[in-house]
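Text of the file run28.cif, holding mmCIF, C-alpha atoms:
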data_upload
#
loop_
_atom_site.label_atom_id
_atom_site.label_comp_id
_atom_site.auth_asym_id
_atom_site.auth_seq_id
_atom_site.Cartn_x
_atom_site.Cartn_y
_atom_site.Cartn_z
CA MET K 1 18.28 -3.00 -24.32
CA SER K 2 18.45 -3.55 -20.61
CA ASN K 3 18.34 -6.60 -18.41
CA ASN K 4 15.08 -5.86 -16.65
CA LYS K 5 14.87 -8.92 -14.42
CA ARG K 6 13.24 -7.34 -11.43
CA GLU K 7 13.79 -9.95 -8.78
CA ARG K 8 12.79 -8.87 -5.33
CA ARG K 9 14.13 -10.23 -2.06
CA GLY K 10 11.50 -12.11 -0.07
CA LEU K 11 10.43 -11.02 3.39
CA MET K 12 9.73 -12.80 6.66
CA LEU K 13 6.13 -12.19 7.65
CA ILE K 14 5.63 -12.76 11.37
CA LEU K 15 2.05 -13.17 12.58
CA SER K 16 1.65 -13.11 16.34
CA GLY K 17 -1.31 -12.60 18.61
CA PRO K 18 -3.22 -14.40 21.31
CA SER K 19 -4.64 -17.81 20.55
CA GLY K 20 -8.20 -17.29 19.33
CA ALA K 21 -7.53 -13.94 17.63
CA GLY K 22 -7.59 -15.64 14.24
CA LYS K 23 -3.99 -15.64 13.11
CA THR K 24 -3.99 -19.26 12.01
CA ALA K 25 -7.05 -18.74 9.81
CA LEU K 26 -5.39 -15.66 8.30
CA SER K 27 -2.19 -17.66 7.73
CA HIS K 28 -4.10 -20.29 5.75
CA LEU K 29 -5.81 -17.63 3.64
CA LEU K 30 -2.48 -15.94 2.92
CA LEU K 31 -0.83 -19.20 1.88
CA ASP K 32 -3.79 -20.00 -0.40
CA GLU K 33 -3.68 -16.60 -2.03
CA TYR K 34 0.06 -15.96 -2.33
CA LYS K 35 1.76 -18.69 -4.30
CA ASP K 36 5.12 -16.99 -3.65
CA MET K 37 4.72 -17.40 0.11
CA GLU K 38 5.53 -20.46 2.18
CA LEU K 39 5.10 -21.42 5.81
CA SER K 40 8.29 -21.74 7.83
CA ILE K 41 8.81 -25.36 8.83
CA SER K 42 10.48 -25.91 12.18
CA SER K 43 12.78 -28.77 13.04
CA THR K 44 11.93 -30.66 16.19
CA THR K 45 13.21 -33.59 18.21
CA ARG K 46 9.78 -34.58 19.46
CA ALA K 47 7.98 -37.57 17.97
CA PRO K 48 5.43 -36.94 15.22
CA ARG K 49 1.82 -36.91 16.39
CA ARG K 50 -0.89 -38.78 14.54
CA GLY K 51 -1.43 -37.17 11.14
CA GLU K 52 1.72 -35.02 11.18
CA VAL K 53 3.80 -35.24 8.03
CA ASP K 54 7.61 -35.00 8.07
CA GLY K 55 8.78 -32.04 5.98
CA LYS K 56 5.32 -30.48 6.00
CA ASP K 57 4.28 -30.00 9.62
CA TYR K 58 7.80 -30.30 10.99
CA ASN K 59 11.18 -31.64 10.07
CA PHE K 60 11.48 -34.48 12.56
CA VAL K 61 15.13 -34.95 13.50
CA ASP K 62 16.99 -36.81 16.22
CA GLU K 63 18.69 -35.03 19.08
CA ASP K 64 22.23 -35.41 17.70
CA THR K 65 21.24 -33.88 14.38
CA PHE K 66 19.52 -31.00 16.17
CA GLN K 67 22.47 -30.36 18.49
CA ASN K 68 24.90 -30.38 15.56
CA MET K 69 22.77 -27.83 13.73
CA ALA K 70 22.59 -25.66 16.84
CA GLU K 71 26.38 -25.82 17.26
CA ASN K 72 26.87 -24.96 13.59
CA ASP K 73 24.66 -21.91 14.03
CA ASP K 74 22.19 -23.37 11.55
CA PHE K 75 19.08 -22.05 13.33
CA LEU K 76 17.58 -18.58 13.23
CA GLU K 77 16.22 -19.38 16.68
CA TRP K 78 15.75 -22.47 18.78
CA ALA K 79 14.24 -23.29 22.13
CA GLU K 80 13.39 -26.18 24.39
CA VAL K 81 9.70 -26.68 25.16
CA PHE K 82 8.56 -29.47 27.50
CA GLY K 83 11.79 -31.40 26.98
CA ALA K 84 11.76 -31.28 23.16
CA LEU K 85 13.87 -29.01 20.98
CA TYR K 86 12.35 -26.76 18.32
CA GLY K 87 14.24 -24.58 15.86
CA THR K 88 13.90 -22.61 12.63
CA PRO K 89 16.50 -23.76 10.08
CA LYS K 90 18.36 -20.79 8.66
CA ALA K 91 19.21 -22.28 5.24
CA ALA K 92 15.61 -22.93 4.16
CA VAL K 93 14.53 -19.40 5.05
CA GLU K 94 17.53 -17.80 3.37
CA ALA K 95 17.00 -19.89 0.21
CA ALA K 96 13.37 -18.79 0.00
CA LEU K 97 14.16 -15.09 0.58
CA GLY K 98 16.92 -15.22 -2.04
CA LYS K 99 14.45 -16.62 -4.58
CA GLY K 100 12.00 -13.78 -3.88
CA ARG K 101 9.65 -15.95 -1.84
CA ASP K 102 8.11 -14.75 1.40
CA VAL K 103 8.24 -16.93 4.50
CA LEU K 104 5.34 -16.88 6.94
CA PHE K 105 5.83 -17.45 10.67
CA ASP K 106 2.84 -18.16 12.88
CA ILE K 107 4.61 -17.70 16.23
CA ASP K 108 4.16 -16.05 19.60
CA TRP K 109 6.03 -13.03 20.96
CA GLN K 110 8.82 -15.18 22.36
CA GLY K 111 9.43 -16.84 19.00
CA ALA K 112 9.36 -13.44 17.32
CA GLN K 113 11.86 -11.99 19.78
CA GLN K 114 14.13 -14.99 19.30
CA LEU K 115 14.45 -14.48 15.54
CA LYS K 116 17.50 -12.41 16.36
CA GLN K 117 19.72 -14.18 13.83
CA ALA K 118 17.52 -12.88 11.02
CA ALA K 119 18.35 -9.52 9.45
CA ALA K 120 16.00 -6.95 10.97
CA SER K 121 15.38 -5.60 7.46
CA ASP K 122 13.86 -8.95 6.40
CA LEU K 123 11.24 -8.90 9.17
CA VAL K 124 7.67 -7.65 8.79
CA LYS K 125 6.01 -8.12 12.15
CA VAL K 126 2.21 -8.06 12.38
CA PHE K 127 0.24 -8.44 15.58
CA ILE K 128 -3.33 -9.73 15.36
CA LEU K 129 -5.64 -8.43 18.09
CA PRO K 130 -9.14 -9.68 18.80
CA PRO K 131 -11.82 -6.94 18.83
CA ASN K 132 -12.24 -7.57 22.56
CA LEU K 133 -11.46 -10.21 25.14
CA LYS K 134 -15.07 -11.32 25.69
CA GLU K 135 -15.16 -12.30 22.03
CA LEU K 136 -11.86 -14.13 22.46
CA GLU K 137 -13.12 -15.97 25.51
CA ALA K 138 -16.25 -16.95 23.60
CA ARG K 139 -14.14 -18.27 20.74
CA LEU K 140 -11.97 -20.27 23.16
CA ARG K 141 -15.05 -21.75 24.86
CA LYS K 142 -16.57 -22.67 21.52
CA ARG K 143 -13.35 -24.28 20.33
CA ASP K 144 -13.31 -26.94 23.01
CA GLN K 145 -15.35 -27.58 26.08
CA ASP K 146 -12.77 -26.95 28.77
CA HIS K 147 -13.06 -26.37 32.45
CA ASP K 148 -13.24 -22.80 33.68
CA SER K 149 -9.75 -23.07 35.15
CA VAL K 150 -8.31 -24.01 31.76
CA ILE K 151 -10.13 -21.10 30.13
CA ALA K 152 -8.87 -18.76 32.86
CA GLU K 153 -5.31 -19.92 32.27
CA ARG K 154 -5.66 -19.38 28.54
CA MET K 155 -7.07 -15.92 29.09
CA ALA K 156 -4.07 -15.08 31.30
CA ARG K 157 -1.79 -16.30 28.51
CA ALA K 158 -3.74 -14.19 26.01
CA ARG K 159 -3.26 -11.08 28.18
CA ASP K 160 0.46 -11.81 28.37
CA GLU K 161 0.68 -12.21 24.59
CA ILE K 162 -1.31 -9.00 24.01
CA SER K 163 1.03 -7.04 26.28
CA HIS K 164 3.68 -7.39 23.52
CA TRP K 165 1.66 -5.65 20.79
CA GLY K 166 4.08 -2.69 20.88
CA GLU K 167 6.96 -4.80 19.51
CA TYR K 168 5.32 -5.18 16.09
CA HIS K 169 5.38 -2.97 12.99
CA TYR K 170 1.68 -3.39 12.26
CA VAL K 171 -1.32 -4.16 14.45
CA ILE K 172 -4.55 -5.49 12.95
CA VAL K 173 -7.76 -5.62 14.97
CA ASN K 174 -9.34 -8.73 13.47
CA GLU K 175 -12.98 -7.69 13.39
CA ASP K 176 -13.74 -9.59 10.24
CA VAL K 177 -11.47 -11.82 8.23
CA GLU K 178 -12.04 -10.07 4.91
CA SER K 179 -11.02 -6.62 6.12
CA SER K 180 -8.03 -8.10 7.96
CA MET K 181 -7.01 -9.76 4.68
CA ASP K 182 -7.28 -6.36 2.98
CA ASP K 183 -4.92 -4.98 5.60
CA LEU K 184 -2.47 -7.83 5.06
CA ARG K 185 -2.64 -7.42 1.28
CA ALA K 186 -1.84 -3.71 1.60
CA ILE K 187 1.04 -4.45 3.95
CA LEU K 188 2.52 -7.10 1.64
CA SER K 189 2.00 -4.94 -1.39
CA ALA K 190 3.97 -2.03 0.07
CA GLU K 191 6.61 -4.03 1.93
CA ARG K 192 7.44 -5.92 -1.27
CA ARG K 193 8.03 -2.59 -3.01
CA LEU K 194 10.57 -1.24 -0.51
CA ARG K 195 13.87 -0.23 -2.08
CA LYS K 196 15.80 -2.61 0.18
CA ARG K 197 13.81 -5.53 -1.25
CA GLN K 198 14.59 -4.59 -4.89
CA PRO K 199 18.24 -5.57 -5.38
CA TRP K 200 17.86 -5.17 -9.18
CA LEU K 201 17.52 -1.38 -8.76
CA ALA K 202 21.25 -0.82 -8.25
CA GLY K 203 22.06 -2.29 -11.66
CA PHE K 204 19.10 -0.59 -13.25
CA VAL K 205 20.24 2.85 -12.08
CA ARG K 206 23.87 2.08 -13.02
CA ASN K 207 22.85 1.16 -16.57
CA MET K 208 20.59 4.17 -16.86
CA THR K 209 23.16 6.73 -15.78
CA GLN K 210 26.05 5.39 -17.85
CA PRO K 211 27.06 7.96 -20.47
CA PHE K 212 25.49 7.17 -23.83
CA ASN K 213 27.80 5.85 -26.56
CA MET B 1 -19.04 0.06 24.95
CA SER B 2 -15.69 1.44 23.96
CA ASN B 3 -14.50 4.71 22.57
CA ASN B 4 -13.38 3.49 19.17
CA LYS B 5 -12.17 6.75 17.67
CA ARG B 6 -9.37 5.40 15.55
CA GLU B 7 -7.48 8.55 14.69
CA ARG B 8 -4.26 7.95 12.87
CA ARG B 9 -1.27 10.27 12.78
CA GLY B 10 -0.63 11.72 9.34
CA LEU B 11 2.58 11.11 7.46
CA MET B 12 4.94 13.26 5.41
CA LEU B 13 5.08 11.87 1.87
CA ILE B 14 8.24 13.03 0.11
CA LEU B 15 8.31 12.67 -3.67
CA SER B 16 11.69 13.26 -5.24
CA GLY B 17 13.16 12.43 -8.61
CA PRO B 18 14.68 14.14 -11.62
CA SER B 19 12.68 16.80 -13.37
CA GLY B 20 10.76 15.09 -16.16
CA ALA B 21 10.28 11.77 -14.32
CA GLY B 22 6.67 12.67 -13.65
CA LYS B 23 6.57 13.41 -9.94
CA THR B 24 4.55 16.61 -10.32
CA ALA B 25 1.86 14.82 -12.35
CA LEU B 26 1.74 12.08 -9.69
CA SER B 27 1.50 14.74 -6.96
CA HIS B 28 -1.55 16.30 -8.64
CA LEU B 29 -3.22 12.89 -9.00
CA LEU B 30 -2.55 12.08 -5.34
CA LEU B 31 -3.99 15.38 -4.15
CA ASP B 32 -7.08 14.85 -6.32
CA GLU B 33 -7.62 11.35 -4.99
CA TYR B 34 -6.76 11.74 -1.32
CA LYS B 35 -8.90 14.37 0.35
CA ASP B 36 -6.96 13.82 3.59
CA MET B 37 -3.68 14.87 1.93
CA GLU B 38 -2.42 18.38 1.40
CA LEU B 39 0.57 19.91 -0.35
CA SER B 40 3.17 21.49 1.89
CA ILE B 41 3.23 25.25 1.32
CA SER B 42 6.62 26.92 1.70
CA SER B 43 7.23 30.41 2.97
CA THR B 44 9.42 32.63 0.79
CA THR B 45 10.81 36.13 0.76
CA ARG B 46 10.80 36.37 -3.02
CA ALA B 47 8.13 38.42 -4.80
CA PRO B 48 5.08 36.58 -6.14
CA ARG B 49 5.24 35.81 -9.86
CA ARG B 50 2.31 36.44 -12.15
CA GLY B 51 -0.54 34.09 -11.26
CA GLU B 52 0.92 32.93 -7.93
CA VAL B 53 -1.52 33.07 -5.02
CA ASP B 54 -0.41 33.88 -1.48
CA GLY B 55 -1.22 30.97 0.87
CA LYS B 56 -1.69 28.57 -2.03
CA ASP B 57 1.52 28.57 -4.05
CA TYR B 58 3.64 30.09 -1.29
CA ASN B 59 3.27 32.08 1.86
CA PHE B 60 4.88 35.35 0.79
CA VAL B 61 6.57 36.98 3.77
CA ASP B 62 9.06 39.79 4.25
CA GLU B 63 12.63 39.16 5.27
CA ASP B 64 12.16 40.20 8.93
CA THR B 65 9.26 37.82 9.37
CA PHE B 66 11.27 35.02 7.78
CA GLN B 67 14.35 35.69 9.89
CA ASN B 68 12.27 35.76 13.07
CA MET B 69 10.71 32.42 12.18
CA ALA B 70 14.14 30.96 11.46
CA GLU B 71 15.47 32.22 14.81
CA ASN B 72 12.43 30.81 16.62
CA ASP B 73 13.11 27.42 15.03
CA ASP B 74 9.77 27.61 13.25
CA PHE B 75 10.98 25.89 10.06
CA LEU B 76 11.45 22.19 9.40
CA GLU B 77 14.06 23.27 6.88
CA TRP B 78 15.05 26.47 5.15
CA ALA B 79 17.53 27.52 2.52
CA GLU B 80 18.62 30.47 0.44
CA VAL B 81 18.23 30.09 -3.32
CA PHE B 82 19.33 32.88 -5.68
CA GLY B 83 19.15 35.45 -2.90
CA ALA B 84 15.65 34.58 -1.71
CA LEU B 85 14.78 32.57 1.40
CA TYR B 86 12.55 29.49 1.29
CA GLY B 87 11.37 27.45 4.27
CA THR B 88 8.84 24.84 5.37
CA PRO B 89 6.84 26.11 8.36
CA LYS B 90 6.82 23.55 11.13
CA ALA B 91 3.47 24.48 12.71
CA ALA B 92 1.36 23.89 9.60
CA VAL B 93 2.88 20.45 9.02
CA GLU B 94 2.54 19.44 12.67
CA ALA B 95 -1.10 20.61 12.77
CA ALA B 96 -1.92 18.52 9.69
CA LEU B 97 -0.17 15.39 10.99
CA GLY B 98 -1.91 15.74 14.36
CA LYS B 99 -5.28 15.86 12.61
CA GLY B 100 -4.49 12.67 10.69
CA ARG B 101 -3.82 14.47 7.41
CA ASP B 102 -0.88 13.57 5.19
CA VAL B 103 1.41 16.28 3.89
CA LEU B 104 2.92 15.93 0.42
CA PHE B 105 6.36 17.36 -0.43
CA ASP B 106 7.43 17.63 -4.06
CA ILE B 107 11.12 18.37 -3.39
CA ASP B 108 14.58 17.37 -4.56
CA TRP B 109 17.15 15.33 -2.65
CA GLN B 110 18.58 18.40 -0.94
CA GLY B 111 15.17 19.44 0.34
CA ALA B 112 14.52 15.89 1.51
CA GLN B 113 17.85 15.73 3.35
CA GLN B 114 17.17 19.07 4.99
CA LEU B 115 13.91 17.92 6.58
CA LYS B 116 16.02 16.99 9.56
CA GLN B 117 13.79 18.74 12.07
CA ALA B 118 10.97 16.35 11.20
CA ALA B 119 10.64 13.11 13.15
CA ALA B 120 12.16 10.34 11.02
CA SER B 121 9.13 8.20 11.85
CA ASP B 122 6.84 10.70 10.09
CA LEU B 123 8.72 10.50 6.79
CA VAL B 124 7.79 8.27 3.87
CA LYS B 125 10.34 8.93 1.15
CA VAL B 126 9.59 7.86 -2.42
CA PHE B 127 11.93 8.32 -5.35
CA ILE B 128 10.45 8.51 -8.84
CA LEU B 129 12.73 7.20 -11.60
CA PRO B 130 12.13 7.56 -15.32
CA PRO B 131 12.21 4.26 -17.25
CA ASN B 132 15.40 5.49 -18.95
CA LEU B 133 17.25 8.71 -19.61
CA LYS B 134 16.52 8.87 -23.35
CA GLU B 135 12.83 9.02 -22.47
CA LEU B 136 13.59 11.74 -19.91
CA GLU B 137 15.58 13.75 -22.42
CA ALA B 138 12.74 13.43 -24.91
CA ARG B 139 10.27 14.70 -22.29
CA LEU B 140 12.54 17.64 -21.46
CA ARG B 141 12.90 18.53 -25.14
CA LYS B 142 9.15 18.32 -25.66
CA ARG B 143 8.46 20.46 -22.61
CA ASP B 144 10.21 23.52 -23.97
CA GLN B 145 12.37 24.20 -26.99
CA ASP B 146 15.69 24.86 -25.33
CA HIS B 147 19.20 24.99 -26.64
CA ASP B 148 21.26 21.82 -26.50
CA SER B 149 23.46 23.32 -23.80
CA VAL B 150 20.42 23.90 -21.58
CA ILE B 151 19.23 20.34 -22.17
CA ALA B 152 22.75 19.03 -21.39
CA GLU B 153 22.79 20.97 -18.15
CA ARG B 154 19.40 19.62 -17.18
CA MET B 155 20.49 16.09 -17.96
CA ALA B 156 23.53 16.57 -15.71
CA ARG B 157 21.21 17.78 -12.96
CA ALA B 158 18.96 14.76 -13.55
CA ARG B 159 21.95 12.40 -13.16
CA ASP B 160 22.89 14.15 -9.93
CA GLU B 161 19.36 13.82 -8.59
CA ILE B 162 19.17 10.15 -9.60
CA SER B 163 22.42 9.41 -7.76
CA HIS B 164 20.47 9.91 -4.49
CA TRP B 165 17.88 7.17 -5.13
CA GLY B 166 19.41 5.06 -2.33
CA GLU B 167 18.31 7.56 0.34
CA TYR B 168 14.62 6.77 -0.16
CA HIS B 169 12.38 4.09 1.34
CA TYR B 170 10.64 3.32 -1.93
CA VAL B 171 11.66 3.65 -5.56
CA ILE B 172 9.07 3.70 -8.34
CA VAL B 173 10.06 3.35 -11.99
CA ASN B 174 7.40 5.53 -13.60
CA GLU B 175 6.67 3.54 -16.74
CA ASP B 176 3.04 4.48 -16.81
CA VAL B 177 1.14 6.78 -14.52
CA GLU B 178 -1.59 4.30 -13.62
CA SER B 179 0.76 1.60 -12.37
CA SER B 180 2.82 4.19 -10.50
CA MET B 181 -0.39 5.37 -8.84
CA ASP B 182 -1.11 1.75 -7.85
CA ASP B 183 2.31 1.64 -6.22
CA LEU B 184 1.67 4.89 -4.37
CA ARG B 185 -1.77 3.67 -3.23
CA ALA B 186 -0.23 0.47 -1.84
CA ILE B 187 2.48 2.45 -0.07
CA LEU B 188 0.00 4.87 1.50
CA SER B 189 -2.33 2.08 2.43
CA ALA B 190 0.33 0.19 4.37
CA GLU B 191 2.17 3.18 5.82
CA ARG B 192 -1.09 4.53 7.23
CA ARG B 193 -1.62 1.20 9.00
CA LEU B 194 1.72 1.15 10.84
CA ARG B 195 1.38 0.80 14.59
CA LYS B 196 3.34 4.02 15.16
CA ARG B 197 0.69 5.93 13.18
CA GLN B 198 -2.20 4.53 15.26
CA PRO B 199 -1.99 6.35 18.59
CA TRP B 200 -5.49 5.09 19.56
CA LEU B 201 -4.14 1.53 19.88
CA ALA B 202 -2.55 2.14 23.28
CA GLY B 203 -5.90 3.06 24.83
CA PHE B 204 -7.67 0.31 22.93
CA VAL B 205 -5.33 -2.36 24.33
CA ARG B 206 -5.48 -0.82 27.82
CA ASN B 207 -9.28 -0.98 27.82
CA MET B 208 -9.29 -4.49 26.45
CA THR B 209 -6.92 -5.96 29.01
CA GLN B 210 -8.49 -4.33 32.05
CA PRO B 211 -9.97 -6.97 34.34
CA PHE B 212 -13.72 -7.32 33.78
CA ASN B 213 -15.98 -5.97 36.51
#
Mind turning the file's structure into structure tokens?
Amino acid sequence: MSNNKRERRGLMLILSGPSGAGKTALSHLLLDEYKDMELSISSTTRAPRRGEVDGKDYNFVDEDTFQNMAENDDFLEWAEVFGALYGTPKAAVEAALGKGRDVLFDIDWQGAQQLKQAAASDLVKVFILPPNLKELEARLRKRDQDHDSVIAERMARARDEISHWGEYHYVIVNEDVESSMDDLRAILSAERRLRKRQPWLAGFVRNMTQPFN
Amino acid sequence: MSNNKRERRGLMLILSGPSGAGKTALSHLLLDEYKDMELSISSTTRAPRRGEVDGKDYNFVDEDTFQNMAENDDFLEWAEVFGALYGTPKAAVEAALGKGRDVLFDIDWQGAQQLKQAAASDLVKVFILPPNLKELEARLRKRDQDHDSVIAERMARARDEISHWGEYHYVIVNEDVESSMDDLRAILSAERRLRKRQPWLAGFVRNMTQPFN
């Protein structure tokens, strides 16, 4: 009779890619499909926008609280953007991973690079590429009717984001959502099976190799 | 119009585990299912046994040929076992990987450790565990009617092999062949998608981010 509780350690799934490549749609599909996956919720000092829910879209905190957390090393990463502070609380992520839940991050290359407080072995980094940039530009134009200069600026930002594809474990060319989901399912399926994510194995092998009585 | 030849680099799939855990059965199933996978064929100086086919079971070579290959650094690993020399020819493996074919190795922990001439990034190491050692002992007894002392020696060897489970990327507890095959399919599916195994991506991104004419 053995204690066969096979609890895995969760992983941090990072999805990056240029805006318009489809990573947010893929994130929603993943969260719908995988009940043991949750979206990382950042803390921020900026005011909630219309429709944003505290504890769901962000944890809205005041500047003192944020600074205290930063000083206590309570963030996996934090940064200032347009005068507001944003950070990823360490405790929530660690609690999820310890319970065998995966945490999804929909962040750009800078956010991914800044997750330096996380154990490298927890990170599964996936870069989502568009099939081509004309397609991406078309998607951006369809999304909102902006001036050409705004589109040009976004395309420059997309090129900058794409230039970091080499920093990721996996690269998915998002030609259609269903085959990209197949790729993500395969990645999750294998990454969840890695020895390092199966802490129960050590006890299992110890029990197995004990001399019989 | 882009040149979308998406040729992946093959991987070296190492299956290790104690004799009787089922890795040879899994190897046969993998080779049946994956037409782009081949079994690594060792070179040896020992004489062919009845039924063994040169170039299929082993490459049978004379001692001079073997020694020359060893001196020319033509083996990924080689070793002497009971007076005969055994080695894994580097060129055949490299040719397969370069053509996007996977190479399967059904070897023990010593063989796996000795593959030090291979690029670490090519290796996918999977350890096959039996569900328990009583089951393994039963399988060994069923396999051939040996004396207790022979069984005891094999069980000691099994324990030694099992003690190396921590050196592998993945560990599969082979409770039933079909679910172990599912695990192996998931592993192959994800490992084949890793960025490092997709050399075409560099050109793909370069083409994509070139300024339009």
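When the PyMOL selection byres ((chain K) within 6 of (chain B)) is evaluated against the file, it yields Asn132, His169, Tyr170, Val171, Ala186, Ile187, Ser189, Ala190, Leu194, Arg195 and Met208 of chain K.
Picked out by the PyMOL selection byres ((chain B and resi 45) around 10) when it runs on this file: Ser43, Thr44, Arg46, Ala47, Pro48, Tyr58, Asn59, Phe60, Val61, Asp62, Glu63, Asp64, Thr65, Phe66, Gln67, Glu80, Gly83, Ala84, Leu85, Tyr86 and Gly87 of chain B.
We find CA of Ser180 (chain K) and CA of Leu26 (chain K) to be spaced 8.0 Å apart.
The two atoms in question, CA of Leu136 (chain B) and CA of Asp176 (chain B), are spaced 13.2 Å apart.
Distance-wise, CA of Leu104 (chain B) and CA of Leu13 (chain B) end up 4.8 Å apart.
The list of residues with at least one atom within 10 Å of Gln113 (chain K), based on only C-alpha atoms and without residues fewer than 4 positions apart in the same chain, reads Glu77, Ile107, Asp108, Trp109 and Glu167 of chain K.
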The residue from K:Asn68, K:Phe105, K:Met181, K:Arg49 with the smallest atom-to-atom distance to Glu33 (chain K), counting only C-alpha atoms, is K:Met181
Using all atoms listed in the file, which residues sit within 9 Å of Leu115 (chain B) once same-chain residues fewer than 6 positions away are excluded, as a PDB file with C-alpha atoms, in the coordinates of the input?
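Done, and the output landed in result17.pdb:
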ATOM      1  CA  LEU B  76      11.450  22.190   9.400  1.00  0.00           C
ATOM      2  CA  GLU B  77      14.060  23.270   6.880  1.00  0.00           C
ATOM      3  CA  TRP B  78      15.050  26.470   5.150  1.00  0.00           C
ATOM      4  CA  THR B  88       8.840  24.840   5.370  1.00  0.00           C
TER       5      THR B  88
END
Selection in question (the file shown): the PyMOL selection byres ((chain B and resi 151) around 12). Which residues does it include, as an MDAnalysis selection string? chainID B and resid 19:20 134 136:150 152:158
